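Enquirer: This one is final_25.txt, compact mmCIF, C-alpha atoms and all ligand atoms.
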```
# COMPACT_ATOMS: atom_id res chain seq x y z
CA MET X 1 143.82 165.63 96.82
CA ILE X 2 146.42 168.27 97.64
CA ASP X 3 145.08 169.93 100.78
CA THR X 4 145.83 173.35 102.27
CA ASN X 5 148.40 171.96 104.70
CA GLU X 6 150.34 170.56 101.81
CA LEU X 7 150.13 173.87 99.95
CA ILE X 8 151.38 175.75 103.01
CA ARG X 9 154.25 173.29 103.38
CA ARG X 10 155.25 173.75 99.73
CA ASN X 11 154.87 177.53 100.01
CA ALA X 12 157.23 177.60 102.99
CA GLY X 13 159.87 175.94 100.82
CA PHE X 14 159.21 178.46 98.07
CA ALA X 15 159.47 181.44 100.46
CA GLU X 16 162.72 180.06 101.86
CA GLY X 17 164.16 179.90 98.33
CA GLY X 18 163.79 183.67 98.05
CA SER X 19 163.17 183.75 94.28
CA PHE X 20 160.33 186.20 94.80
CA ALA X 21 162.51 188.94 96.27
CA GLY X 22 162.82 192.22 94.39
CA LEU X 23 160.63 191.25 91.45
CA ARG X 24 158.80 193.99 89.58
CA LEU X 25 155.24 193.89 88.28
CA ALA X 26 156.31 194.20 84.63
CA PRO X 27 157.63 190.85 83.31
CA SER X 28 161.45 190.87 83.33
CA GLY X 29 161.44 188.87 80.08
CA SER X 30 159.11 191.37 78.37
CA LEU X 31 156.99 188.29 77.69
CA THR X 32 153.27 187.56 77.83
CA VAL X 33 152.03 184.02 77.19
CA ILE X 34 148.47 183.01 76.38
CA GLY X 35 148.10 179.33 77.19
CA CYS X 36 145.63 176.61 78.11
CA VAL X 37 144.36 175.71 81.60
CA ASP X 38 145.29 172.04 81.07
CA PRO X 39 147.58 171.02 83.97
CA ARG X 40 149.97 169.30 81.56
CA VAL X 41 150.78 172.48 79.68
CA ASP X 42 151.70 175.04 82.36
CA PRO X 43 153.62 177.58 80.23
CA SER X 44 156.15 178.29 82.98
CA ALA X 45 157.09 174.61 83.19
CA VAL X 46 156.93 173.83 79.47
CA LEU X 47 158.92 176.91 78.43
CA GLY X 48 161.24 176.98 81.44
CA LEU X 49 160.14 180.41 82.62
CA GLU X 50 161.34 181.78 85.92
CA LEU X 51 159.14 183.64 88.37
CA GLY X 52 158.67 187.23 87.21
CA GLU X 53 159.79 186.64 83.62
CA ALA X 54 156.38 186.44 81.95
CA GLY X 55 152.76 187.40 82.37
CA VAL X 56 150.62 184.31 81.73
CA ILE X 57 146.96 184.28 80.75
CA ARG X 58 145.36 180.83 80.75
CA ASN X 59 141.96 179.83 79.45
CA VAL X 60 140.36 176.83 77.77
CA GLY X 61 142.45 176.15 74.68
CA GLY X 62 144.86 179.06 75.10
CA ARG X 63 142.59 180.97 72.74
CA VAL X 64 142.54 184.68 71.89
CA THR X 65 138.93 185.37 72.84
CA PRO X 66 137.28 188.76 73.44
CA ALA X 67 137.90 188.11 77.16
CA THR X 68 141.61 187.56 76.44
CA LEU X 69 141.74 190.85 74.56
CA ARG X 70 139.97 192.64 77.42
CA THR X 71 142.51 191.20 79.87
CA LEU X 72 145.40 192.39 77.67
CA GLY X 73 143.79 195.82 77.49
CA MET X 74 143.62 195.98 81.28
CA LEU X 75 147.24 194.84 81.59
CA ALA X 76 148.30 197.61 79.22
CA LYS X 77 146.59 200.12 81.54
CA VAL X 78 148.34 198.63 84.56
CA VAL X 79 151.75 198.95 82.88
CA GLN X 80 150.88 202.53 81.87
CA ALA X 81 149.87 203.36 85.44
CA ARG X 82 153.00 201.81 86.96
CA THR X 83 155.61 203.02 84.49
CA GLY X 84 154.06 206.03 82.75
CA GLY X 85 154.68 204.40 79.36
CA PRO X 86 153.39 201.59 77.17
CA GLY X 87 156.08 199.11 78.30
CA PRO X 88 159.10 197.80 76.38
CA ALA X 89 158.95 198.22 72.58
CA ASP X 90 160.16 194.65 72.15
CA ASN X 91 157.38 193.04 74.22
CA HIS X 92 156.80 189.50 72.98
CA TYR X 93 153.33 187.93 73.02
CA VAL X 94 153.20 184.14 72.61
CA VAL X 95 150.11 182.11 71.83
CA LEU X 96 150.80 178.61 73.20
CA GLN X 97 148.30 175.92 72.27
CA HIS X 98 148.76 172.15 72.39
CA THR X 99 147.90 168.71 71.05
CA ASP X 100 145.17 166.63 72.74
CA CYS X 101 143.50 169.81 74.00
CA GLY X 102 140.16 169.40 75.76
CA ILE X 103 138.65 172.18 73.66
CA THR X 104 138.64 169.69 70.74
CA ASP X 105 135.92 167.78 72.65
CA LEU X 106 133.58 170.77 72.68
CA PRO X 107 132.17 171.03 69.12
CA PRO X 108 129.08 169.03 70.28
CA PHE X 109 128.35 172.09 72.46
CA PRO X 110 128.22 174.92 69.93
CA GLU X 111 126.30 177.22 72.27
CA LEU X 112 129.17 177.07 74.78
CA LEU X 113 131.77 177.80 72.11
CA ALA X 114 129.69 180.58 70.57
CA GLU X 115 129.46 182.27 73.97
CA TYR X 116 133.20 181.77 74.58
CA PHE X 117 134.27 183.28 71.26
CA GLU X 118 131.37 185.77 71.22
CA VAL X 119 130.44 184.80 67.66
CA PRO X 120 127.26 183.32 66.19
CA ALA X 121 127.29 179.50 66.35
CA GLU X 122 127.23 179.34 62.54
CA ASP X 123 130.62 181.12 62.47
CA LEU X 124 132.38 178.63 64.76
CA ALA X 125 134.05 176.73 61.91
CA ALA X 126 136.26 179.80 61.42
CA LYS X 127 137.67 179.29 64.93
CA ALA X 128 139.35 175.94 64.06
CA VAL X 129 138.54 174.50 67.47
CA THR X 130 139.69 170.98 66.56
CA ASP X 131 143.05 171.98 65.01
CA PRO X 132 145.59 173.67 67.29
CA PHE X 133 147.95 174.43 64.38
CA ALA X 134 145.24 176.30 62.46
CA ALA X 135 143.91 177.88 65.66
CA VAL X 136 147.32 179.26 66.61
CA ARG X 137 147.66 180.93 63.21
CA LEU X 138 144.19 182.45 63.51
CA ASP X 139 144.80 183.68 67.03
CA VAL X 140 148.17 185.25 66.20
CA GLU X 141 146.47 187.21 63.40
CA LEU X 142 143.67 188.29 65.70
CA LEU X 143 146.15 189.35 68.37
CA LYS X 144 148.17 191.38 65.87
CA ARG X 145 145.08 193.41 65.03
CA HIS X 146 144.73 194.42 68.68
CA LEU X 147 148.30 195.03 69.85
CA ARG X 148 150.33 198.19 69.40
CA ALA X 149 152.77 198.43 66.50
CA GLY X 150 156.29 197.16 67.10
CA VAL X 151 155.66 194.39 69.61
CA PHE X 152 156.36 190.78 68.62
CA VAL X 153 153.76 188.04 68.31
CA SER X 154 154.44 184.34 67.80
CA GLY X 155 152.46 181.11 67.85
CA LEU X 156 153.57 177.78 69.32
CA VAL X 157 152.00 174.34 69.59
CA TYR X 158 153.17 172.09 72.40
CA ASP X 159 153.08 168.33 71.83
CA VAL X 160 151.92 166.60 75.02
CA ALA X 161 153.43 163.31 73.77
CA THR X 162 156.99 164.55 73.17
CA GLY X 163 157.20 167.54 75.51
CA LEU X 164 158.44 169.61 72.58
CA VAL X 165 157.12 172.87 71.18
CA ASP X 166 156.65 173.55 67.48
CA VAL X 167 157.07 177.13 66.22
CA VAL X 168 154.00 177.44 64.00
CA VAL X 169 154.18 181.22 63.63
CA PRO X 170 157.70 182.65 64.05
CA PRO X 171 157.88 185.93 65.96
CA ALA X 172 157.11 188.95 63.82
CA ARG X 173 156.55 192.59 64.70
CA VAL X 174 153.08 194.06 64.58
CA ALA X 175 153.06 196.46 61.63
CA ALA X 176 152.42 200.16 62.19
ZN ZN S 201 144.13 172.58 76.32
```
Could you render the structure from this file as structure tokens?
Ligand SMILES: [Zn+2]
Expert:
Amino acid sequence: MIDTNELIRRNAGFAEGGSFAGLRLAPSGSLTVIGCVDPRVDPSAVLGLELGEAGVIRNVGGRVTPATLRTLGMLAKVVQARTGGPGPADNHYVVLQHTDCGITDLPPFPELLAEYFEVPAEDLAAKAVTDPFAAVRLDVELLKRHLRAGVFVSGLVYDVATGLVDVVVPPARVAA
């Protein structure tokens, strides 16, 4: 177990590095990533993101759920409050899912998944829970229906065996 003393020790090293200094709330890379909680797939590590470059939302499966959309809605309000505008026109939203995801073990628990996606259990097949490639495509489409026109959305699947990411949905602007 990593205890608090260890965390404090590591944090001291981080603070000494100074990479946190002068960062702004809005991501410097105009990037928001929706990824999975799985410790193997930390988007910052997998995609080589520096501190401050991207906002990262993580949940089980890296799925675009109603809760994800509510979080994005709140973030949009925060950016509006801080900057007086909607944020950069070229904001890029990435859905990052992965192979061997734990969510593929959950179909035996349809009530859990139905609650998670806020759909009736009989509609769960449409969520492609066992196929990250299909799920990424679905979630990119869902995201596009909720984001403002002009921003970019893309969908990636990370392979936990190779460490490589597959571009399943290339970045495209949300239509007006
Ligand atoms: Zn996962």
Enquirer: Which distance in Å separates atom CA of X:Val160 and atom CA of X:Gly48, to one decimal?
Expert: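 Here the two named atoms are 15.4 Å from each other.
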Enquirer: As an MDAnalysis selection string, please: every protein or nucleic acid residue near ligand ZN 201 (chain S) (cut-off 7 Å, counting all atoms listed in the file).
Expert: chainID X and resid 36:38 60:62 97:98 101:103
Enquirer: Restrict the selected residues to C-alpha atoms and save them as an mmCIF file, keeping the file's coordinate frame.
Expert:
```cif
data_model
loop_
_atom_site.group_PDB
_atom_site.id
_atom_site.type_symbol
_atom_site.label_atom_id
_atom_site.label_comp_id
_atom_site.auth_asym_id
_atom_site.auth_seq_id
_atom_site.Cartn_x
_atom_site.Cartn_y
_atom_site.Cartn_z
ATOM 1 C CA CYS X 36 145.630 176.610 78.110
ATOM 2 C CA VAL X 37 144.360 175.710 81.600
ATOM 3 C CA ASP X 38 145.290 172.040 81.070
ATOM 4 C CA VAL X 60 140.360 176.830 77.770
ATOM 5 C CA GLY X 61 142.450 176.150 74.680
ATOM 6 C CA GLY X 62 144.860 179.060 75.100
ATOM 7 C CA GLN X 97 148.300 175.920 72.270
ATOM 8 C CA HIS X 98 148.760 172.150 72.390
ATOM 9 C CA CYS X 101 143.500 169.810 74.000
ATOM 10 C CA GLY X 102 140.160 169.400 75.760
ATOM 11 C CA ILE X 103 138.650 172.180 73.660
#
```
Enquirer: Rounded to one decimal place, report the atom CA of X:Asp139-atom CA of X:Ala114 distance in Å.
Expert: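 Those two atoms sit 15.8 Å apart.
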Enquirer: If you measure from atom CA of X:Leu96 to atom CA of X:Pro171, what distance in Å do you get, rounded to one decimal?
Expert: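 The value is 12.5 Å.
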Enquirer: Compile the contact shell of stretch 64-81 of chain X as a ChimeraX atom specification: residues with an atom at most 6 Å away, counting only C-alpha atoms, same-chain residues fewer than 2 positions apart removed.
Expert: /X:83-86,117,139
Enquirer: Could you write those residues out with C-alpha atoms, as a PDB file, in the coordinates of the input?
Expert:
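Now in again28.pdb:
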```pdb
ATOM      1  CA  THR X  83     155.610 203.020  84.490  1.00  0.00           C
ATOM      2  CA  GLY X  84     154.060 206.030  82.750  1.00  0.00           C
ATOM      3  CA  GLY X  85     154.680 204.400  79.360  1.00  0.00           C
ATOM      4  CA  PRO X  86     153.390 201.590  77.170  1.00  0.00           C
ATOM      5  CA  PHE X 117     134.270 183.280  71.260  1.00  0.00           C
ATOM      6  CA  ASP X 139     144.800 183.680  67.030  1.00  0.00           C
TER       7      ASP X 139
END
```
Enquirer: Which residue, X:Arg58, X:Val119, X:Val165, X:Val174, has the smallest gap to X:His146 when you use only C-alpha atoms?
Expert: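 The shortest atom-to-atom distance to X:His146 comes from X:Val174.
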Enquirer: Looking at X:Gly35, X:Gly150, X:Gly29, X:Gly22, which one is nearest to X:Leu49, with distances taken over only C-alpha atoms?
Expert: X:Gly29
Enquirer: If you count only C-alpha atoms, which residues fall within 10 Å of X:Asn91, apart from same-chain ones fewer than 5 positions away, as a PyMOL selection string?
Expert: chain X and resi 27+29-32+86+148+150-153+173
Enquirer: May I ask which of the residues X:Ala21, X:Glu111, X:Thr130, X:Tyr116 is the closest one to X:Asn59, counting only C-alpha atoms?
Expert: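 Result for the nearest residue to X:Asn59: X:Tyr116.
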Enquirer: Mind checking which residues fall within 6 Å of X:Ser154, counting only C-alpha atoms, ignoring those fewer than 5 positions away in the same chain, and posting them as a VMD selection string?
Expert: chain X and resid 94 169 to 171
Enquirer: Hey, which of X:Ile57, X:Ala176, X:Leu47, X:Ala149 ends up closest to X:Ala89? Count only C-alpha atoms.
Expert: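 Comparing X:Ile57, X:Ala176, X:Leu47, X:Ala149 against X:Ala89, the winner is X:Ala149.
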Enquirer: Would you pick out the contacts of stretch 120-126 of chain X at 10 Å or less, using all atoms listed in the file, so that residues sharing its chain but fewer than 2 positions from it are not included, and give the list as a VMD selection string?
Expert: chain X and resid 107 109 to 115 117 to 118 128 to 130 134 to 135 138
Enquirer: Kindly indicate which residue among X:Glu50, X:Asp42, X:Asp131, X:Asp159 lies nearest to X:Ser19, using all atoms listed in the file for the distances.
Expert: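 For X:Ser19, the nearest of the candidates is X:Glu50.
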Enquirer: Taking the block just given, write stretch 65-151 of chain X to a file that holds C-alpha atoms, as a compact mmCIF listing (two decimals), in the first residue's frame.
Expert:
```txt
# COMPACT_ATOMS: atom_id res chain seq x y z
CA THR X 65 -22.89 9.02 -19.57
CA PRO X 66 -25.48 11.58 -18.46
CA ALA X 67 -23.14 12.28 -15.51
CA THR X 68 -20.27 12.95 -17.95
CA LEU X 69 -22.47 15.39 -19.86
CA ARG X 70 -23.47 17.13 -16.62
CA THR X 71 -19.79 17.47 -15.69
CA LEU X 72 -18.99 18.96 -19.11
CA GLY X 73 -21.89 21.37 -18.68
CA MET X 74 -20.50 22.51 -15.34
CA LEU X 75 -17.01 22.91 -16.81
CA ALA X 76 -18.44 25.09 -19.57
CA LYS X 77 -19.95 27.34 -16.88
CA VAL X 78 -16.63 27.51 -15.04
CA VAL X 79 -14.80 28.57 -18.22
CA GLN X 80 -17.55 31.14 -18.90
CA ALA X 81 -17.22 32.51 -15.37
CA ARG X 82 -13.42 32.71 -15.51
CA THR X 83 -12.96 34.04 -19.03
CA GLY X 84 -16.28 35.66 -19.96
CA GLY X 85 -16.46 33.49 -23.09
CA PRO X 86 -17.11 29.91 -24.15
CA GLY X 87 -13.40 29.01 -24.36
CA PRO X 88 -11.24 28.41 -27.43
CA ALA X 89 -13.14 27.67 -30.66
CA ASP X 90 -10.74 24.82 -31.40
CA ASN X 91 -11.32 22.96 -28.12
CA HIS X 92 -10.68 19.25 -28.66
CA TYR X 93 -12.67 16.60 -26.79
CA VAL X 94 -11.22 13.08 -26.82
CA VAL X 95 -13.05 9.93 -25.82
CA LEU X 96 -10.34 7.45 -24.75
CA GLN X 97 -11.47 3.89 -24.12
CA HIS X 98 -9.33 0.75 -24.00
CA THR X 99 -9.01 -3.00 -24.49
CA ASP X 100 -9.49 -5.36 -21.54
CA CYS X 101 -11.73 -2.80 -19.83
CA GLY X 102 -13.42 -3.90 -16.60
CA ILE X 103 -16.76 -2.57 -17.85
CA THR X 104 -16.86 -5.60 -20.20
CA ASP X 105 -17.32 -7.75 -17.06
CA LEU X 106 -20.51 -5.95 -16.07
CA PRO X 107 -23.22 -7.23 -18.46
CA PRO X 108 -24.25 -9.81 -15.77
CA PHE X 109 -25.30 -6.75 -13.73
CA PRO X 110 -27.76 -5.00 -16.04
CA GLU X 111 -29.33 -3.00 -13.21
CA LEU X 112 -25.96 -1.38 -12.47
CA LEU X 113 -25.37 -0.52 -16.13
CA ALA X 114 -28.91 0.75 -16.60
CA GLU X 115 -28.44 3.12 -13.66
CA TYR X 116 -25.02 4.21 -14.97
CA PHE X 117 -26.26 5.02 -18.47
CA GLU X 118 -29.69 6.15 -17.23
CA VAL X 119 -31.46 3.95 -19.77
CA PRO X 120 -33.91 1.06 -19.35
CA ALA X 121 -32.08 -2.28 -18.97
CA GLU X 122 -33.65 -3.50 -22.22
CA ASP X 123 -31.83 -0.70 -24.09
CA LEU X 124 -28.34 -1.63 -22.83
CA ALA X 125 -27.37 -3.50 -26.00
CA ALA X 126 -27.24 -0.11 -27.73
CA LYS X 127 -24.43 0.94 -25.37
CA ALA X 128 -21.95 -1.66 -26.74
CA VAL X 129 -20.50 -2.28 -23.30
CA THR X 130 -18.37 -5.24 -24.42
CA ASP X 131 -16.84 -3.56 -27.50
CA PRO X 132 -14.66 -0.49 -26.92
CA PHE X 133 -14.37 0.23 -30.67
CA ALA X 134 -18.16 0.37 -31.09
CA ALA X 135 -18.58 2.17 -27.77
CA VAL X 136 -16.13 4.91 -28.74
CA ARG X 137 -18.05 5.56 -31.96
CA LEU X 138 -21.35 5.73 -30.06
CA ASP X 139 -19.95 8.04 -27.41
CA VAL X 140 -18.37 10.42 -29.92
CA GLU X 141 -21.77 10.76 -31.63
CA LEU X 142 -23.49 11.33 -28.31
CA LEU X 143 -20.91 13.93 -27.31
CA LYS X 144 -21.30 15.77 -30.61
CA ARG X 145 -25.00 16.21 -29.93
CA HIS X 146 -24.21 18.01 -26.67
CA LEU X 147 -21.19 20.17 -27.48
CA ARG X 148 -21.22 23.59 -29.10
CA ALA X 149 -20.64 23.89 -32.84
CA GLY X 150 -17.04 24.22 -33.99
CA VAL X 151 -15.23 22.23 -31.33
```
